[in-house]
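Next comes coords07.pdb, with PDB, C-alpha atoms.
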```
ATOM      1  CA  MET A   1      -3.212   3.289  -7.854
ATOM      2  CA  LYS A   2      -3.021   1.140  -4.766
ATOM      3  CA  LEU A   3      -5.623  -1.108  -3.190
ATOM      4  CA  ILE A   4      -6.181  -0.659   0.533
ATOM      5  CA  ASN A   5      -7.286  -3.562   2.713
ATOM      6  CA  ILE A   6     -10.432  -2.588   4.627
ATOM      7  CA  GLY A   7     -10.677  -5.889   6.457
ATOM      8  CA  PHE A   8     -11.350  -9.563   5.762
ATOM      9  CA  GLY A   9      -9.627  -9.484   2.388
ATOM     10  CA  ASN A  10     -11.762  -6.638   1.036
ATOM     11  CA  LEU A  11      -9.907  -3.981  -0.927
ATOM     12  CA  VAL A  12     -10.776  -0.507  -2.180
ATOM     13  CA  SER A  13      -8.867   1.752  -4.534
ATOM     14  CA  ASP A  14      -7.061   4.565  -2.734
ATOM     15  CA  GLU A  15      -7.802   6.959  -5.594
ATOM     16  CA  ARG A  16     -11.561   6.478  -5.283
ATOM     17  CA  ILE A  17     -11.927   7.249  -1.546
ATOM     18  CA  ILE A  18     -13.584  10.568  -0.745
ATOM     19  CA  SER A  19     -14.186  10.146   2.979
ATOM     20  CA  ILE A  20     -13.773   7.714   5.867
ATOM     21  CA  ALA A  21     -16.219   8.442   8.693
ATOM     22  CA  LEU A  22     -17.548   7.032  11.945
ATOM     23  CA  PRO A  23     -21.018   5.497  11.511
ATOM     24  CA  GLU A  24     -22.625   7.005  14.633
ATOM     25  CA  SER A  25     -23.664  10.433  13.357
ATOM     26  CA  ALA A  26     -27.083  11.010  11.830
ATOM     27  CA  PRO A  27     -25.753  12.380   8.509
ATOM     28  CA  VAL A  28     -23.516   9.339   7.984
ATOM     29  CA  LYS A  29     -26.382   6.992   8.861
ATOM     30  CA  ARG A  30     -28.516   8.852   6.316
ATOM     31  CA  ILE A  31     -25.825   8.513   3.634
ATOM     32  CA  ALA A  32     -25.609   4.764   4.286
ATOM     33  CA  GLN A  33     -29.398   4.348   4.239
ATOM     34  CA  GLU A  34     -29.751   6.278   0.980
ATOM     35  CA  ALA A  35     -26.984   4.184  -0.591
ATOM     36  CA  ARG A  36     -28.763   1.006   0.565
ATOM     37  CA  GLU A  37     -32.004   2.169  -1.050
ATOM     38  CA  LYS A  38     -30.188   2.918  -4.334
ATOM     39  CA  GLY A  39     -28.333  -0.399  -4.279
ATOM     40  CA  MET A  40     -24.993   1.367  -3.873
ATOM     41  CA  LEU A  41     -24.115   0.042  -0.394
ATOM     42  CA  ILE A  42     -21.363  -2.541  -0.016
ATOM     43  CA  ASP A  43     -21.298  -4.283   3.365
ATOM     44  CA  ALA A  44     -17.752  -5.552   3.961
ATOM     45  CA  THR A  45     -18.214  -6.178   7.697
ATOM     46  CA  TYR A  46     -18.890  -9.925   7.480
ATOM     47  CA  GLY A  47     -21.557  -9.589  10.163
ATOM     48  CA  ARG A  48     -19.412  -7.655  12.594
ATOM     49  CA  LYS A  49     -20.094  -4.210  14.003
ATOM     50  CA  THR A  50     -19.653  -1.377  11.496
ATOM     51  CA  LYS A  51     -16.806   0.845  12.665
ATOM     52  CA  SER A  52     -16.312   2.968   9.568
ATOM     53  CA  VAL A  53     -18.192   4.170   6.522
ATOM     54  CA  ILE A  54     -16.180   4.806   3.360
ATOM     55  CA  VAL A  55     -17.671   7.104   0.732
ATOM     56  CA  MET A  56     -16.335   6.527  -2.770
ATOM     57  CA  ASP A  57     -16.332   8.892  -5.756
ATOM     58  CA  SER A  58     -18.583   6.462  -7.636
ATOM     59  CA  GLU A  59     -21.347   7.160  -5.069
ATOM     60  CA  HIS A  60     -20.815   3.717  -3.542
ATOM     61  CA  VAL A  61     -20.737   3.535   0.241
ATOM     62  CA  VAL A  62     -18.653   0.785   1.854
ATOM     63  CA  LEU A  63     -19.170  -0.406   5.426
ATOM     64  CA  SER A  64     -16.083  -1.760   7.181
ATOM     65  CA  ALA A  65     -15.419  -3.452  10.523
ATOM     66  CA  LEU A  66     -12.068  -1.640  10.786
ATOM     67  CA  SER A  67     -11.856   1.717  12.539
ATOM     68  CA  PRO A  68     -11.324   4.857  10.478
ATOM     69  CA  ASP A  69      -7.928   5.271  12.168
ATOM     70  CA  ALA A  70      -6.809   1.817  11.024
ATOM     71  CA  ILE A  71      -7.907   2.479   7.447
ATOM     72  CA  ALA A  72      -6.360   5.959   7.454
ATOM     73  CA  THR A  73      -3.090   4.507   8.751
ATOM     74  CA  ARG A  74      -3.048   2.002   5.893
ATOM     75  CA  TYR A  75      -3.874   4.775   3.450
ATOM     76  CA  GLY A  76      -1.380   7.182   5.026
ATOM     77  CA  SER A  77       1.488   4.710   4.989
ATOM     78  CA  TYR A  78       1.078   4.477   1.215
ATOM     79  CA  VAL A  79       0.983   8.264   0.818
ATOM     80  CA  ASP A  80       4.122   8.678   2.965
ATOM     81  CA  ALA A  81       5.914   6.000   0.970
ATOM     82  CA  GLU A  82       5.058   7.777  -2.280
ATOM     83  CA  GLU A  83       6.486  11.067  -0.990
ATOM     84  CA  ASP A  84       9.805   9.378  -0.100
ATOM     85  CA  ILE A  85      10.352   8.170  -3.652
TER      86      ILE A  85
END
```
Would it be possible to restate this file's structure as structure tokens?
Amino acid sequence: MKLINIGFGNLVSDERIISIALPESAPVKRIAQEAREKGMLIDATYGRKTKSVIVMDSEHVVLSALSPDAIATRYGSYVDAEEDI
């Protein structure tokens, strides 16, 4: 297990991530709104614009100010490093 920095010192477990999506589409907005209503939304943006929505296997939804590409790069660099071992 590795923790991935999603911005501003916030970390999520790489094994728990299901999806990293852009927040502009209606389905992703609906997922975030439903998570907010259930108390399962974690806002890790520190007041900045939401650039990615991370869906976890625990049904939590995490909002991040980092782009999905930046998070995927951080996640991917770990996966590549594991394959080299």
Q.
If we count all atoms listed in the file and set the cut-off at 6 Å, which residues sit around segment 31-48 of chain A, ignoring sequence neighbours fewer than 4 positions away in its own chain? Please answer as a PyMOL selection string.
A. chain A and resi 60-65
Within 8 Å of Leu66 of chain A, counting only C-alpha atoms, which residues qualify if same-chain residues fewer than 5 places away don't, as a VMD selection string?
-> chain A and resid 6 to 7 50 to 52 71
The selected residues should be written to file as a compact mmCIF listing (two decimals), in the coordinates of the input (atoms: C-alpha atoms).
```txt
# COMPACT_ATOMS: atom_id res chain seq x y z
CA ILE A 6 -10.43 -2.59 4.63
CA GLY A 7 -10.68 -5.89 6.46
CA THR A 50 -19.65 -1.38 11.50
CA LYS A 51 -16.81 0.84 12.66
CA SER A 52 -16.31 2.97 9.57
CA ILE A 71 -7.91 2.48 7.45
```
Find the residue from A:Val55, A:Ala26, A:Arg16, A:Gly9 that sits nearest to Pro68 of chain A; use all atoms listed in the file when measuring.
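The answer is A:Val55, which sits nearest to Pro68 of chain A.
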Q. Using all atoms listed in the file, can you list as a list in words the residues within 7 Å of (-14.7, 5.7, 7.2)?
A.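 Counting all atoms listed in the file, I find these residues within 7 Å of (-14.7, 5.7, 7.2): Ser19, Ile20, Ala21, Leu22, Ser52, Val53, Ile54 and Pro68 of chain A.
Atom CA of Ala72 of chain A is positioned 14.3 Å from atom CA of Met56 of chain A.
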The distance between atom CA of Asn10 of chain A and atom CA of Arg74 of chain A is 13.2 Å
Can you pull out the residues contacting Asp57 of chain A? Cut-off 9 Å, using only C-alpha atoms, and skip same-chain residues under 5 positions away; I want them as a ChimeraX atom specification. /A:15-18
| said: Which polymer residues, whether protein, DNA or RNA, lie within 8 Å of the coordinate (-3.3, -1.1, -5.9) when you count only C-alpha atoms? List them as a ChimeraX atom specification, using the chain letters and numbers from the file. | reply: /A:1-4,13-14
